[in-house]
>>> print(open('query-v2.cif').read())   # mmCIF, C-alpha atoms
data_entry
#
loop_
_atom_site.label_atom_id
_atom_site.label_comp_id
_atom_site.auth_asym_id
_atom_site.auth_seq_id
_atom_site.Cartn_x
_atom_site.Cartn_y
_atom_site.Cartn_z
CA MET A 1 -64.93 24.70 127.70
CA ALA A 2 -66.05 23.21 131.05
CA ASP A 3 -68.79 24.95 132.99
CA VAL A 4 -67.83 27.01 136.00
CA SER A 5 -68.65 25.19 139.25
CA GLN A 6 -69.73 26.55 142.61
CA GLN A 7 -66.70 24.88 144.18
CA GLN A 8 -64.40 26.88 141.89
CA VAL A 9 -66.12 30.08 142.97
CA GLU A 10 -65.81 29.17 146.66
CA THR A 11 -62.13 28.35 146.19
CA ALA A 12 -61.56 31.76 144.61
CA LEU A 13 -63.44 33.54 147.39
CA LYS A 14 -61.27 31.82 150.00
CA GLU A 15 -58.24 33.63 148.63
CA VAL A 16 -59.47 36.94 150.10
CA ILE A 17 -58.91 37.27 153.85
CA ASP A 18 -61.06 39.90 155.54
CA PRO A 19 -58.75 42.06 157.71
CA TYR A 20 -61.45 42.59 160.33
CA LEU A 21 -62.77 39.04 160.61
CA GLU A 22 -59.25 37.69 159.99
CA GLN A 23 -60.69 34.88 157.88
CA ASP A 24 -62.16 34.39 154.44
CA MET A 25 -65.81 34.93 153.56
CA VAL A 26 -66.57 31.21 153.23
CA ALA A 27 -65.08 30.35 156.63
CA ALA A 28 -66.96 33.28 158.18
CA LYS A 29 -70.21 31.99 156.66
CA ALA A 30 -70.70 35.38 155.02
CA VAL A 31 -71.29 33.95 151.53
CA LYS A 32 -75.06 33.58 151.39
CA LYS A 33 -75.61 32.73 147.71
CA ILE A 34 -73.60 31.77 144.63
CA THR A 35 -75.41 31.72 141.29
CA VAL A 36 -73.68 30.29 138.22
CA ASP A 37 -75.39 30.74 134.84
CA GLY A 38 -72.99 29.63 132.13
CA GLY A 39 -70.18 32.17 132.21
CA LYS A 40 -72.10 34.54 134.47
CA VAL A 41 -71.46 34.37 138.22
CA THR A 42 -73.26 36.29 140.96
CA VAL A 43 -72.15 36.17 144.59
CA ASP A 44 -74.08 37.60 147.54
CA VAL A 45 -72.02 38.32 150.66
CA VAL A 46 -73.58 39.53 153.92
CA LEU A 47 -71.20 40.71 156.64
CA GLY A 48 -72.20 40.60 160.29
CA TYR A 49 -70.73 44.00 161.05
CA PRO A 50 -71.30 47.55 159.72
CA ALA A 51 -68.81 48.32 156.95
CA LYS A 52 -70.16 51.15 154.83
CA GLY A 53 -66.66 52.47 154.18
CA TYR A 54 -65.27 49.04 153.29
CA VAL A 55 -67.90 47.14 151.27
CA ALA A 56 -66.81 48.58 147.92
CA THR A 57 -63.18 47.60 148.53
CA LEU A 58 -64.15 44.09 149.60
CA ALA A 59 -66.53 43.63 146.65
CA SER A 60 -63.78 44.71 144.26
CA LYS A 61 -61.28 42.22 145.71
CA LEU A 62 -63.77 39.36 145.58
CA LYS A 63 -64.87 40.23 142.05
CA GLU A 64 -61.25 40.21 140.88
CA LYS A 65 -60.77 36.68 142.19
CA VAL A 66 -64.02 35.37 140.70
CA SER A 67 -63.34 37.03 137.33
CA ALA A 68 -59.99 35.23 137.14
CA ILE A 69 -61.67 31.82 137.05
CA ALA A 70 -61.42 30.20 133.62
CA GLY A 71 -64.77 30.39 131.87
CA VAL A 72 -66.15 33.34 133.82
CA LYS A 73 -67.26 36.07 131.44
CA ASP A 74 -69.19 38.27 133.83
CA ALA A 75 -68.88 38.45 137.65
CA THR A 76 -71.09 40.36 140.05
CA VAL A 77 -70.36 40.50 143.78
CA ASN A 78 -72.93 42.09 146.07
CA VAL A 79 -71.70 42.92 149.58
CA SER A 80 -74.04 44.10 152.34
CA PHE A 81 -74.22 43.76 156.11
CA SER A 82 -76.76 42.73 158.73
CA ILE A 83 -76.20 43.16 162.46
CA ALA A 84 -77.52 40.53 164.87
CA ALA A 85 -77.91 40.46 168.65
CA HIS A 86 -75.29 38.36 170.41
CA GLY A 87 -75.06 36.48 173.67
CA VAL A 88 -74.67 38.11 177.10
CA GLN A 89 -74.42 36.96 180.72
CA LYS A 90 -76.89 34.30 181.85
CA GLY A 91 -79.94 35.44 183.76
CA VAL A 92 -79.74 39.12 182.80
CA LYS A 93 -82.86 40.79 181.45
CA PRO A 94 -82.39 42.26 177.93
CA ILE A 95 -82.87 45.95 177.22
CA GLU A 96 -85.79 46.67 174.92
CA GLY A 97 -84.69 48.25 171.66
CA VAL A 98 -81.00 47.30 172.08
CA LYS A 99 -79.25 44.43 170.26
CA ASN A 100 -75.71 44.73 171.67
CA ILE A 101 -74.17 46.64 174.58
CA ILE A 102 -70.46 47.51 174.48
CA ALA A 103 -68.90 48.82 177.69
CA ILE A 104 -65.97 51.24 177.33
CA ALA A 105 -63.86 51.12 180.49
CA SER A 106 -60.49 52.13 181.91
CA GLY A 107 -58.55 51.23 185.01
CA LYS A 108 -57.78 54.89 185.73
CA GLY A 109 -58.90 58.37 184.74
CA GLY A 110 -57.19 60.68 182.29
CA VAL A 111 -56.60 58.17 179.49
CA GLY A 112 -59.15 59.65 177.08
CA LYS A 113 -61.81 56.97 177.60
CA SER A 114 -64.83 59.23 177.05
CA THR A 115 -63.29 60.75 173.93
CA VAL A 116 -62.65 57.27 172.55
CA ALA A 117 -66.19 56.18 173.49
CA VAL A 118 -67.95 59.03 171.66
CA ASN A 119 -65.74 58.78 168.56
CA LEU A 120 -66.14 55.01 168.47
CA ALA A 121 -69.92 55.40 168.67
CA LEU A 122 -69.86 57.98 165.86
CA ALA A 123 -67.58 55.74 163.79
CA LEU A 124 -69.97 52.79 164.12
CA SER A 125 -72.78 55.11 163.04
CA ALA A 126 -70.73 56.32 160.06
CA GLU A 127 -70.25 52.68 159.06
CA GLY A 128 -74.02 52.24 158.85
CA ALA A 129 -75.14 51.02 162.29
CA THR A 130 -77.84 52.50 164.50
CA VAL A 131 -75.98 53.55 167.63
CA GLY A 132 -76.63 55.00 171.06
CA ILE A 133 -74.33 56.10 173.87
CA LEU A 134 -75.04 56.00 177.60
CA ASP A 135 -72.93 58.22 179.84
CA ALA A 136 -72.58 56.03 182.94
CA ASP A 137 -70.26 58.42 184.75
CA ILE A 138 -72.74 59.81 187.27
CA TYR A 139 -70.19 61.91 189.16
CA GLY A 140 -68.52 63.41 186.10
CA PRO A 141 -70.75 63.22 183.00
CA SER A 142 -69.02 64.52 179.88
CA GLN A 143 -70.99 63.23 176.91
CA PRO A 144 -73.47 66.17 176.78
CA THR A 145 -70.53 68.57 176.29
CA MET A 146 -68.77 66.29 173.81
CA LEU A 147 -71.95 65.88 171.75
CA GLY A 148 -72.81 69.59 171.92
CA ALA A 149 -76.18 68.71 173.46
CA LYS A 150 -77.51 70.85 176.31
CA MET A 151 -81.25 70.16 176.09
CA LYS A 152 -83.42 68.28 178.59
CA PRO A 153 -84.85 64.89 177.55
CA GLU A 154 -88.61 64.67 176.98
CA SER A 155 -90.95 62.23 178.69
CA LYS A 156 -94.06 61.37 176.71
CA ASP A 157 -95.64 59.18 179.40
CA GLY A 158 -94.20 60.67 182.59
CA LYS A 159 -92.28 57.46 183.26
CA SER A 160 -89.68 57.02 180.54
CA LEU A 161 -87.24 59.36 178.78
CA GLU A 162 -86.68 59.99 175.10
CA PRO A 163 -82.98 59.81 174.13
CA ILE A 164 -81.30 63.04 173.03
CA MET A 165 -80.35 62.98 169.34
CA SER A 166 -77.00 64.42 168.26
CA TYR A 167 -75.07 63.59 165.07
CA HIS A 168 -77.48 60.65 164.49
CA LEU A 169 -76.57 59.21 167.91
CA GLN A 170 -79.16 58.47 170.56
CA SER A 171 -77.74 59.49 173.93
CA MET A 172 -78.60 59.65 177.61
CA SER A 173 -76.68 61.11 180.56
CA ILE A 174 -77.31 62.36 184.07
CA GLY A 175 -75.78 65.55 182.67
CA TYR A 176 -79.00 66.15 180.74
CA LEU A 177 -81.03 66.06 183.96
CA VAL A 178 -79.00 68.21 186.38
CA ASP A 179 -77.18 71.51 186.14
CA GLU A 180 -73.62 71.00 184.93
CA GLU A 181 -72.22 72.80 187.98
CA THR A 182 -74.23 70.74 190.48
CA PRO A 183 -72.01 68.17 192.26
CA MET A 184 -73.47 64.65 192.54
CA ILE A 185 -72.90 63.95 196.24
CA TRP A 186 -74.36 60.45 196.18
CA ARG A 187 -73.39 57.19 197.83
CA GLY A 188 -72.82 54.03 195.81
CA PRO A 189 -76.39 52.58 195.93
CA MET A 190 -77.84 55.84 194.61
CA VAL A 191 -75.31 55.89 191.77
CA THR A 192 -76.03 52.33 190.69
CA GLN A 193 -79.78 52.94 190.88
CA ALA A 194 -79.39 56.03 188.71
CA LEU A 195 -77.41 54.02 186.15
CA GLU A 196 -80.09 51.34 185.95
CA GLN A 197 -82.82 53.95 185.54
CA LEU A 198 -80.95 55.81 182.81
CA LEU A 199 -80.40 52.54 180.98
CA ARG A 200 -83.81 50.90 181.34
CA ASP A 201 -86.07 53.96 181.44
CA THR A 202 -84.74 55.40 178.17
CA ASN A 203 -86.74 54.60 175.03
CA TRP A 204 -83.84 53.36 172.92
CA LYS A 205 -84.99 52.93 169.35
CA ASP A 206 -83.80 49.82 167.49
CA LEU A 207 -80.12 50.16 168.39
CA ASP A 208 -77.56 47.83 166.83
CA TYR A 209 -75.04 48.96 169.45
CA LEU A 210 -75.31 50.86 172.73
CA ILE A 211 -71.94 52.22 173.83
CA VAL A 212 -71.70 52.60 177.62
CA ASP A 213 -69.09 55.14 178.73
CA LEU A 214 -68.16 53.87 182.21
CA PRO A 215 -66.46 55.88 184.96
CA PRO A 216 -62.83 54.90 185.58
CA GLY A 217 -61.96 52.15 188.04
CA THR A 218 -63.52 48.86 189.12
CA GLY A 219 -66.19 49.94 191.58
CA ASP A 220 -69.96 49.84 192.12
CA VAL A 221 -70.96 50.94 188.62
CA GLN A 222 -68.83 48.27 186.96
CA LEU A 223 -70.19 45.57 189.27
CA THR A 224 -73.78 46.69 188.62
CA LEU A 225 -73.07 46.51 184.90
CA ALA A 226 -71.77 42.95 185.29
CA GLN A 227 -74.65 41.74 187.43
CA LYS A 228 -77.70 43.50 185.99
CA VAL A 229 -76.90 44.80 182.48
CA PRO A 230 -76.77 42.49 179.41
CA VAL A 231 -73.27 43.36 178.19
CA THR A 232 -72.08 41.86 174.91
CA GLY A 233 -68.47 42.81 175.53
CA ALA A 234 -66.07 45.35 177.03
CA VAL A 235 -63.32 47.53 175.57
CA ILE A 236 -60.47 48.69 177.82
CA VAL A 237 -58.85 52.08 177.15
CA THR A 238 -55.28 52.75 178.29
CA THR A 239 -52.18 54.78 177.43
CA PRO A 240 -48.65 53.41 176.89
CA GLN A 241 -47.50 54.44 180.40
CA ASP A 242 -46.64 51.56 182.74
CA ILE A 243 -48.97 52.84 185.47
CA ALA A 244 -51.88 53.12 183.04
CA LEU A 245 -51.20 49.64 181.68
CA LEU A 246 -51.11 48.25 185.22
CA ASP A 247 -54.56 49.69 185.97
CA ALA A 248 -55.86 48.61 182.55
CA ARG A 249 -54.89 45.01 183.35
CA LYS A 250 -56.93 45.24 186.56
CA GLY A 251 -59.94 46.36 184.54
CA LEU A 252 -59.43 43.55 182.06
CA LYS A 253 -59.18 40.94 184.82
CA MET A 254 -62.30 42.33 186.50
CA PHE A 255 -64.40 41.74 183.39
CA GLU A 256 -62.96 38.25 183.03
CA LYS A 257 -63.96 37.43 186.63
CA VAL A 258 -67.56 38.51 186.05
CA ASP A 259 -67.78 36.59 182.75
CA ILE A 260 -67.97 39.62 180.46
CA PRO A 261 -65.76 39.06 177.39
CA VAL A 262 -63.11 41.68 176.70
CA ILE A 263 -63.57 42.89 173.14
CA GLY A 264 -60.39 44.91 173.12
CA VAL A 265 -57.85 47.22 174.68
CA ILE A 266 -57.37 50.67 173.20
CA GLU A 267 -54.05 52.34 173.81
CA ASN A 268 -54.76 56.05 173.62
CA MET A 269 -52.15 58.80 173.18
CA SER A 270 -49.71 56.33 171.67
CA THR A 271 -47.79 59.01 169.78
CA HIS A 272 -47.82 62.79 169.98
CA ILE A 273 -48.27 64.64 166.69
CA CYS A 274 -46.84 68.17 166.68
CA SER A 275 -49.46 70.68 165.53
CA LYS A 276 -46.72 72.82 163.92
CA CYS A 277 -44.52 70.39 162.01
CA GLY A 278 -46.39 67.06 162.14
CA HIS A 279 -43.49 65.25 163.86
CA GLU A 280 -44.56 62.14 165.81
CA GLU A 281 -42.98 61.19 169.14
CA HIS A 282 -43.74 58.44 171.69
CA ILE A 283 -43.80 60.73 174.72
CA PHE A 284 -45.71 58.27 176.94
CA GLY A 285 -43.75 55.16 175.95
CA GLN A 286 -44.00 52.79 173.03
CA GLY A 287 -45.66 49.45 172.31
CA GLY A 288 -47.40 49.07 175.65
CA GLY A 289 -50.74 48.07 174.16
CA GLU A 290 -49.17 45.46 171.93
CA ARG A 291 -47.23 43.94 174.83
CA MET A 292 -50.38 43.90 176.91
CA SER A 293 -52.27 42.12 174.15
CA GLU A 294 -49.56 39.47 173.89
CA GLN A 295 -49.30 38.95 177.65
CA ASN A 296 -53.08 38.61 178.08
CA ASP A 297 -53.70 36.65 174.86
CA VAL A 298 -55.97 39.29 173.34
CA ASP A 299 -55.99 40.95 169.92
CA PHE A 300 -54.52 44.40 169.32
CA LEU A 301 -57.11 46.43 167.40
CA GLY A 302 -55.43 49.71 166.57
CA ALA A 303 -53.67 52.83 167.80
CA LEU A 304 -54.77 56.46 168.10
CA PRO A 305 -52.54 59.55 168.36
CA LEU A 306 -52.33 62.29 170.94
CA ASP A 307 -53.37 65.14 168.67
CA MET A 308 -54.53 68.57 169.88
CA ARG A 309 -57.37 68.67 167.36
CA ILE A 310 -59.03 65.68 169.07
CA ARG A 311 -59.23 67.66 172.32
CA VAL A 312 -60.26 70.92 170.64
CA GLU A 313 -62.99 69.33 168.52
CA THR A 314 -64.40 67.23 171.36
CA ASP A 315 -64.42 70.17 173.80
CA SER A 316 -66.28 72.23 171.21
CA GLY A 317 -69.07 69.64 170.98
CA LYS A 318 -68.16 68.25 167.57
CA PRO A 319 -65.93 65.15 167.88
CA THR A 320 -63.33 64.45 165.23
CA VAL A 321 -65.27 61.71 163.41
CA VAL A 322 -67.99 64.24 162.52
CA ALA A 323 -65.81 67.38 162.48
CA ASP A 324 -63.54 65.98 159.76
CA PRO A 325 -64.79 62.57 158.56
CA GLU A 326 -62.03 62.14 155.96
CA CYS A 327 -59.02 62.96 158.15
CA ARG A 328 -56.52 60.32 159.23
CA ILE A 329 -57.77 60.22 162.83
CA SER A 330 -61.39 59.65 161.76
CA GLN A 331 -60.31 56.85 159.44
CA ILE A 332 -58.41 55.19 162.31
CA TYR A 333 -61.53 55.35 164.48
CA ARG A 334 -63.62 53.82 161.70
CA ASP A 335 -61.06 51.08 161.18
CA ILE A 336 -61.16 50.24 164.89
CA ALA A 337 -64.97 50.39 164.89
CA ARG A 338 -65.13 47.83 162.07
CA ARG A 339 -62.72 45.58 163.93
CA VAL A 340 -64.67 45.75 167.18
CA ALA A 341 -67.97 45.04 165.43
CA ALA A 342 -66.44 42.28 163.30
CA LYS A 343 -65.11 40.48 166.37
CA LEU A 344 -68.54 40.76 167.97
CA SER A 345 -70.13 39.29 164.85
CA LEU A 346 -68.09 36.12 165.28
CA ARG A 347 -69.68 35.47 168.63
CA LYS A 348 -72.39 32.83 168.62
CA LYS A 349 -75.93 33.96 169.24
CA ASP A 350 -76.38 31.84 172.37
CA PHE A 351 -75.44 32.36 176.01
CA SER A 352 -72.97 29.48 176.21
CA ALA A 353 -70.68 30.82 173.48
CA LYS A 354 -67.07 31.57 174.32
CA PHE A 355 -66.21 35.01 172.97
CA PRO A 356 -62.78 35.75 171.47
CA SER A 357 -60.86 38.45 173.32
CA ILE A 358 -59.58 41.57 171.57
CA VAL A 359 -57.33 44.59 172.24
CA ILE A 360 -57.34 48.13 170.76
CA GLN A 361 -54.38 50.55 170.97
CA ASN A 362 -54.92 54.28 170.62
CA THR A 363 -51.83 55.92 168.97
#
>>> encode(input="query-v2.cif", output="structure tokens")
Amino acid sequence: MADVSQQQVETALKEVIDPYLEQDMVAAKAVKKITVDGGKVTVDVVLGYPAKGYVATLASKLKEKVSAIAGVKDATVNVSFSIAAHGVQKGVKPIEGVKNIIAIASGKGGVGKSTVAVNLALALSAEGATVGILDADIYGPSQPTMLGAKMKPESKDGKSLEPIMSYHLQSMSIGYLVDEETPMIWRGPMVTQALEQLLRDTNWKDLDYLIVDLPPGTGDVQLTLAQKVPVTGAVIVTTPQDIALLDARKGLKMFEKVDIPVIGVIENMSTHICSKCGHEEHIFGQGGGERMSEQNDVDFLGALPLDMRIRVETDSGKPTVVADPECRISQIYRDIARRVAAKLSLRKKDFSAKFPSIVIQNT
């Protein structure tokens, strides 16, 4: 019987297409080592995105293909992940302790952007990444309430702030520093200065991803982010309504103009799920996110429902991903989180790389 060759193993591995990378492990350069010892084969795969909830499934699929090779008596497939820092805008100073910054934006308010941001951050954490979230909405901070965190941040040196820890997330918000009923009557320059201070004066600790929950619109904060903050990519949140999609397109075009790659578009509230009978209905329209992705040549990453429990759990300070990790909604968030991180992992680690665009729909 002929010995098993490395080429045979690579050919077998190519038969498994990763649903998040949308390519096989060999093409994605995720296969780091193939060891063939007679009829014993060992394969080491290292993904560039956090996938704690997926590695066992992927390893099983790859092992099945390798085991089917004639002459293979024993196959072992080890799958792990390692998250790298990726390219940002030229000339922007990096943030110490942060590998990648993902901006979560929307063209208009009321589309569930902050809820998506916190659950996406928690989903990335659940998948094995070290994650932080910055509440960049100076006028209307909501992350302290959503994370159930009401404490004041500490300062060990009188100059910098320690991030607030909640559900394994590092977080910072102007809401931690002022009374929640105090209105922020500030002009634009004060707001942008506050954003920069919150970002750069926080002692972020070895973050793989920092999620930035932006205020709605395309104003001063977004421009400051584009000009002074090293952003790896942006995610646009919308709903299926025509007016929301129109504003979402404006947000998408804004990031394109300032050379920040759009990671994806999330269509939130895609279907309504009745809390009594479970019936689903497209009360805000249907397929808007998918049409938007096609029209703007971006990927559609997923869809999230309008479900009362999302609102109830987030308002109570325990977002769905941590309130019920095994429920359908949490699994959708984790699926989207893997897809966002996987698309980021394909980006080259230099500043001249062209980043593939992506879209997320929230059902």
>>> resolve_selection(input="query-v2.cif", expression="the PyMOL selection byres ((chain A and resi 169) around 8)", output="ChimeraX atom specification")
/A:121-122,125,130-133,164-168,170-171
>>> residues_around(input="query-v2.cif", residues="region 329-334 of chain A", least_positions_apart="4", cutoff="9 Å", atoms="all atoms listed in the file", output="PyMOL selection string")
chain A and resi 51+53+116+119-120+122-124+126-127+302-305+307+310+320-325+338-339
>>> atom_distance(input="query-v2.cif", atom1="CA of Ala59 (chain A)", atom2="CA of Thr42 (chain A)")
11.5 Å
>>> atom_distance(input="query-v2.cif", atom1="CA of Gly39 (chain A)", atom2="CA of Gly71 (chain A)")
5.7 Å
>>> resolve_selection(input="query-v2.cif", expression="the PyMOL selection byres ((chain A and resi 3) around 10)", output="list in words")
Met1, Ala2, Val4, Ser5, Gln6, Val36, Asp37, Gly38, Gly39, Ala70, Gly71 and Val72 of chain A
>>> resolve_selection(input="query-v2.cif", expression="the PyMOL selection byres ((chain A and resi 44) around 7)", output="ChimeraX atom specification")
/A:31-34,42-43,45-46,77-79
>>> atom_distance(input="query-v2.cif", atom1="CA of Ala68 (chain A)", atom2="CA of Thr11 (chain A)")
11.6 Å
>>> axis_aligned_box(input="query-v2.cif", around="region 30-45 of chain A", padding_each_side="3 Å", output="lines of an AutoDock Vina configuration file")
center_x = -72.9
center_y = 34.0
center_z = 143.6
size_x = 11.4
size_y = 14.7
size_z = 28.9
>>> closest_residue(input="query-v2.cif", among="A:His279, A:Val92, A:Ala85, A:Pro230", to="Ser345 (chain A)", atoms="all atoms listed in the file")
A:Ala85
>>> residues_around(input="query-v2.cif", residues="Thr115 (chain A)", least_positions_apart="5", cutoff="8 Å", atoms="only C-alpha atoms", output="ChimeraX atom specification")
/A:146,314,319
>>> residues_around(input="query-v2.cif", residues="Val221 (chain A)", least_positions_apart="4", cutoff="12 Å", atoms="all atoms listed in the file", output="VMD selection string")
chain A and resid 103 105 135 to 139 187 to 196 212 to 217 225 to 229
>>> residues_near_point(input="query-v2.cif", point="(-66.4, 44.6, 176.8)", cutoff="6 Å", atoms="all atoms listed in the file", output="PDB file with C-alpha atoms, in the frame of the given file")
ATOM      1  CA  ILE A 102     -70.460  47.510 174.480  1.00  0.00           C
ATOM      2  CA  ALA A 103     -68.900  48.820 177.690  1.00  0.00           C
ATOM      3  CA  GLY A 233     -68.470  42.810 175.530  1.00  0.00           C
ATOM      4  CA  ALA A 234     -66.070  45.350 177.030  1.00  0.00           C
ATOM      5  CA  VAL A 235     -63.320  47.530 175.570  1.00  0.00           C
ATOM      6  CA  PRO A 261     -65.760  39.060 177.390  1.00  0.00           C
ATOM      7  CA  VAL A 262     -63.110  41.680 176.700  1.00  0.00           C
ATOM      8  CA  ILE A 263     -63.570  42.890 173.140  1.00  0.00           C
TER       9      ILE A 263
END
>>> closest_residue(input="query-v2.cif", among="A:Ile260, A:Ser142, A:Ser114, A:Glu290", to="Gln222 (chain A)", atoms="only C-alpha atoms")
A:Ile260
>>> closest_residue(input="query-v2.cif", among="A:Leu147, A:Ala117, A:Ala84, A:Cys274", to="Pro50 (chain A)", atoms="only C-alpha atoms")
A:Ala84
>>> residues_around(input="query-v2.cif", residues="Leu13 (chain A)", least_positions_apart="3", cutoff="9 Å", atoms="only C-alpha atoms", output="list in words")
Gln8, Val9, Glu10, Val16, Ile17, Asp24, Met25, Val26, Val31, Leu62, Lys63, Lys65 and Val66 of chain A
>>> write_last_selection(input="query-v2.cif", atoms="C-alpha atoms", output="CSV table (one decimal), keeping the file's coordinate frame")
chain,number,residue,atom,x,y,z
A,8,GLN,CA,-64.4,26.9,141.9
A,9,VAL,CA,-66.1,30.1,143.0
A,10,GLU,CA,-65.8,29.2,146.7
A,16,VAL,CA,-59.5,36.9,150.1
A,17,ILE,CA,-58.9,37.3,153.8
A,24,ASP,CA,-62.2,34.4,154.4
A,25,MET,CA,-65.8,34.9,153.6
A,26,VAL,CA,-66.6,31.2,153.2
A,31,VAL,CA,-71.3,34.0,151.5
A,62,LEU,CA,-63.8,39.4,145.6
A,63,LYS,CA,-64.9,40.2,142.0
A,65,LYS,CA,-60.8,36.7,142.2
A,66,VAL,CA,-64.0,35.4,140.7
>>> closest_residue(input="query-v2.cif", among="A:Thr232, A:Lys343, A:Glu294, A:Glu64", to="Glu22 (chain A)", atoms="all atoms listed in the file")
A:Lys343
>>> closest_residue(input="query-v2.cif", among="A:Ala75, A:Pro19, A:Leu223, A:Ser106", to="Ser60 (chain A)", atoms="only C-alpha atoms")
A:Ala75
